[in-house]
Amino acid sequence: MGNETLTITDNRTGKTYEVPVQNGTIKALDLRQIKIGPDDFGLMTYDPAFMNTASCKSKITFIDGDKGILRYRGYPIEQLAERSTYLETAFLLINGELPTRAELEDWTYQVNHHTIIHENIKKFMDGFHYDANPMGMLVGTVGALSTFYKEAKNIHDPENRQKQIYRLIGKMITLAGFAYRHSRGLPFAYPDNELSYAGNFLNMLFRMTEPKYKPHPVLEKALDVLFILHADHEQNCSTNAMRSVGSSHVDPFSAVAGAAAALYGPLHGGANAEVLYMLDLIGTMNNIPDFIKSVKEGKGKLMGFGHRVYKNYDPRAKIIKHLADQVFEVTGRNPKLDMALELERIALSDEYFIKRKLYPNVDFYSGLIYQAMGFPIDMFPVLFAIGRTSGWIAQWQEMLMDGEQKIARPRQIYLGYDKRDYQTLDQRSATAA
Ligand code: SDX
């Protein structure tokens, strides 16, 4: 390749500048030298919602949005979904390599032995309204964990950081299980560390009076695969929140609370629930054409469709679609699947969606599986958060170790008032008059 620079001519001054190109980017700070005079702050970039801005360098997840490729630490998501487990994938994301047998045994032991939460957390849970949204409960209680582990703020101590990582991954399923049980008015079911990660979670959700919960192997495996599929996705909204909140060097529980809050939004991790609400709103197959028409008129979105990066089919959606067949063999087919398939068929052949490269994303089919497995719709974002916790942690830790990273503090374009003097109430009312 030739000279890896940009030559920029500022037509306001006639000056030219050489700016290096690295990894397909230029450093925004290299634009600050472009000034029209000595008092000029220098050029900045303006990029609302970071449509074209790399905020970090990362080695964790690779996405090719045009080709529909997703890899964790180089491993294709299809292979991990088929051959790995969530805990093994979490180790891979956080440590960069697949674990040896001994490493996996130790990792599994450590995570499993951090599933118990402080009994006082139950009091928080009891304090929530009877119909509190479990994702709101999760956001609140994961943040509260920071008050139980005061040493968590020592984020630069690797051993201490590792212990908080065990705690976060181990306790997310317990907090989620307790939130579910609270929302159902059921007594809390405690962890059973002899079960798998997904099996233990199902145990804390659905165990009733039986002394030992036995998860259905097909559902246990399907949930584990769903956790793998949701584990990381490079610089998505909630991961950006994790990195930004974490950049102030707060403890990881508080940073995860911030990330989970971002995930809660209907445009992000809340979309899996919005898909089911949308299908309920449409009601019957006959109403689909009118609904699609209303979306094209800008009266709403086809939830579960579209993506900032994927301009092709989300590879996770493909895997989930196949997973649905296995789950429905056990649970019975979710009747809403027919409506979802018809929505997809119509959207994929309609110019409005084709032109905007709108395809099903990870949220379009996942909710159908969750609902068939017996999860209430408001639990769907919680399931997303459980899987994504390992990705948030991996990205947070990479940010902490990155010498180029500092506290996140963007600039702005100020378009407000110039200096003006304070007015008394009388002056104001006179002015208003
Ligand atoms: C996740 O970033 C990640 O990686 C996220 C995620 C992860 O793993 O972390 O993959 C998980 O959040 C998946 C996305 C879940 N959200 C939804 O399914 C909600 C519905 N989707 C949209 O809100 C939207 O597609 C986004 C938020 C996903 C992406 O939004 P963008 O990139 O900002 O795109 P945009 O809103 O600028 O849309 C471009 C055009 C617009 O039309 P025009 O103004 O050009 O006419 O496409 C239209 C939009 O109106 N559009 C849609 C649409 N999504 C975009 N029109 C109808 N239905 C939709 N779903």
# chains A, B, ... in the order shown; residues from 1 in each chain; ligands from 1

call {"tool": "closest_atom_pairs", "arguments": {"of": "chain A", "to": "ligand 1", "cutoff": "7 Å", "atoms": "only C-alpha atoms and all ligand atoms", "output": "Markdown table"}}
result
| residue | atom | partner | partner_atom_place_in_ligand_line | distance |
| --- | --- | --- | --- | --- |
| A:His230 | CA | ligand 1 | 8 (O) | 6.1 |
| A:Asp232 | CA | ligand 1 | 8 (O) | 6.5 |
| A:His233 | CA | ligand 1 | 8 (O) | 4.8 |
| A:Glu234 | CA | ligand 1 | 4 (O) | 6.7 |
| A:Gln235 | CA | ligand 1 | 4 (O) | 6.8 |
| A:Asn236 | CA | ligand 1 | 2 (O) | 3.8 |
| A:Cys237 | CA | ligand 1 | 2 (O) | 5.9 |
| A:Ser238 | CA | ligand 1 | 9 (O) | 6.9 |
| A:Pro266 | CA | ligand 1 | 19 (C) | 6.4 |
| A:Leu267 | CA | ligand 1 | 16 (N) | 4.2 |
| A:His268 | CA | ligand 1 | 12 (O) | 3.2 |
| A:Gly269 | CA | ligand 1 | 12 (O) | 5.1 |
| A:Ala271 | CA | ligand 1 | 16 (N) | 4.8 |
| A:Val295 | CA | ligand 1 | 57 (C) | 5.8 |
| A:Lys296 | CA | ligand 1 | 57 (C) | 6.9 |
| A:Gly298 | CA | ligand 1 | 50 (O) | 6.8 |
| A:Gly300 | CA | ligand 1 | 57 (C) | 6.7 |
| A:Lys301 | CA | ligand 1 | 58 (N) | 3.5 |
| A:Leu302 | CA | ligand 1 | 58 (N) | 3.8 |
| A:Met303 | CA | ligand 1 | 20 (C) | 4.2 |
| A:Gly304 | CA | ligand 1 | 18 (O) | 3.3 |
| A:Phe305 | CA | ligand 1 | 60 (N) | 4.2 |
| A:Gly306 | CA | ligand 1 | 25 (O) | 3.4 |
| A:His307 | CA | ligand 1 | 28 (C) | 4.0 |
| A:Arg308 | CA | ligand 1 | 32 (O) | 3.3 |
| A:Val309 | CA | ligand 1 | 2 (O) | 6.7 |
| A:Arg356 | CA | ligand 1 | 47 (O) | 5.2 |
| A:Leu358 | CA | ligand 1 | 54 (N) | 6.4 |
| A:Asn361 | CA | ligand 1 | 13 (C) | 5.7 |
| A:Val362 | CA | ligand 1 | 13 (C) | 6.0 |
| A:Asp363 | CA | ligand 1 | 15 (C) | 5.8 |
| A:Phe364 | CA | ligand 1 | 18 (O) | 6.8 |

call {"tool": "residues_around", "arguments": {"residues": "Glu398 of chain A", "least_positions_apart": "5", "cutoff": "10 Å", "atoms": "only C-alpha atoms", "output": "ChimeraX atom specification"}}
result
/A:56-60,94-95,243,392-393,403,405

call {"tool": "write_last_selection", "arguments": {"atoms": "C-alpha atoms", "output": "mmCIF file, in the first residue's frame"}}
result
data_model
loop_
_atom_site.group_PDB
_atom_site.id
_atom_site.type_symbol
_atom_site.label_atom_id
_atom_site.label_comp_id
_atom_site.auth_asym_id
_atom_site.auth_seq_id
_atom_site.Cartn_x
_atom_site.Cartn_y
_atom_site.Cartn_z
ATOM 1 C CA CYS A 56 -11.391 1.772 21.153
ATOM 2 C CA LYS A 57 -9.117 -0.944 19.832
ATOM 3 C CA SER A 58 -10.333 -4.425 20.709
ATOM 4 C CA LYS A 59 -9.349 -8.058 20.157
ATOM 5 C CA ILE A 60 -12.508 -9.590 21.576
ATOM 6 C CA ILE A 94 -12.508 -12.717 29.167
ATOM 7 C CA ASN A 95 -9.144 -14.494 28.906
ATOM 8 C CA ARG A 243 -16.711 1.015 28.987
ATOM 9 C CA TRP A 392 -19.319 -6.574 29.369
ATOM 10 C CA ILE A 393 -16.642 -7.869 31.728
ATOM 11 C CA GLY A 403 -2.897 2.422 27.835
ATOM 12 C CA GLN A 405 -7.869 4.733 27.201
#

call {"tool": "residues_around", "arguments": {"residues": "His156 of chain A", "least_positions_apart": "6", "cutoff": "12 Å", "atoms": "only C-alpha atoms", "output": "ChimeraX atom specification"}}
result
/A:162,164,249-252,397,399-401

call {"tool": "write_last_selection", "arguments": {"atoms": "C-alpha atoms", "output": "PDB file, in the first residue's frame"}}
result
ATOM      1  CA  GLN A 162     -10.834 -11.852  39.140  1.00  0.00           C
ATOM      2  CA  GLN A 164     -15.379  -9.832  41.337  1.00  0.00           C
ATOM      3  CA  HIS A 249     -12.645   3.519  37.508  1.00  0.00           C
ATOM      4  CA  VAL A 250     -15.777   2.713  39.430  1.00  0.00           C
ATOM      5  CA  ASP A 251     -16.222  -0.878  40.668  1.00  0.00           C
ATOM      6  CA  PRO A 252     -17.443  -3.472  38.125  1.00  0.00           C
ATOM      7  CA  GLN A 397     -11.134  -5.421  31.516  1.00  0.00           C
ATOM      8  CA  MET A 399     -10.473  -1.048  28.516  1.00  0.00           C
ATOM      9  CA  LEU A 400      -8.702  -0.997  31.902  1.00  0.00           C
ATOM     10  CA  MET A 401      -5.591  -2.602  30.403  1.00  0.00           C
TER      11      MET A 401
END

call {"tool": "residues_around", "arguments": {"residues": "Ile282 of chain A", "least_positions_apart": "5", "cutoff": "10 Å", "atoms": "only C-alpha atoms", "output": "number ranges by chain"}}
result
A: 276-277, 287-292, 339

call {"tool": "atom_distance", "arguments": {"atom1": "atom CA of His114 of chain A", "atom2": "atom CA of Leu138 of chain A"}}
result
16.9 Å

call {"tool": "residues_around", "arguments": {"residues": "Ile386 of chain A", "least_positions_apart": "4", "cutoff": "12 Å", "atoms": "only C-alpha atoms", "output": "NGL selection string"}}
result
:A and (86-87 or 90 or 135 or 138-139 or 142 or 168-177 or 197-198 or 201 or 223-224 or 226-232 or 256 or 259-260 or 263 or 269 or 379-382 or 390-393)

call {"tool": "select_by_dssp", "arguments": {"residues": "segment 60-290 of chain A", "states": "helix (DSSP H, G or I)", "output": "count of residues only"}}
result
145

call {"tool": "select_by_dssp", "arguments": {"residues": "segment 36-224 of chain A", "states": "strand (DSSP E or B)", "output": "list of chain:residue names"}}
result
A:Thr61, A:Phe62, A:Ile63, A:Asp64, A:Ile69, A:Leu70, A:Arg71, A:Tyr72, A:Tyr75, A:Pro76

call {"tool": "residues_around", "arguments": {"residues": "segment 189-196 of chain A", "least_positions_apart": "3", "cutoff": "8 Å", "atoms": "only C-alpha atoms", "output": "VMD selection string"}}
result
chain A and resid 112 to 113 115 to 116 174 177 to 178 181 199 to 201 203 to 205 207 to 208

call {"tool": "closest_residue", "arguments": {"among": "A:Arg420, A:Met373, A:Gly143, A:Leu80", "to": "Asn334 of chain A", "atoms": "only C-alpha atoms"}}
result
A:Met373

call {"tool": "atom_distance", "arguments": {"atom1": "atom CA of Ile377 of chain A", "atom2": "atom CA of Ile77 of chain A"}}
result
25.7 Å

call {"tool": "closest_residue", "arguments": {"among": "A:Glu220, A:Asp106, A:Asp126, A:Asp39", "to": "Gln326 of chain A", "atoms": "only C-alpha atoms"}}
result
A:Glu220

call {"tool": "residues_around", "arguments": {"residues": "Leu104 of chain A", "least_positions_apart": "3", "cutoff": "12 Å", "atoms": "only C-alpha atoms", "output": "PyMOL selection string"}}
result
chain A and resi 84-92+95+97-101+107-112

call {"tool": "atom_distance", "arguments": {"atom1": "atom CA of Asn312 of chain A", "atom2": "atom CA of Asn23 of chain A"}}
result
23.6 Å
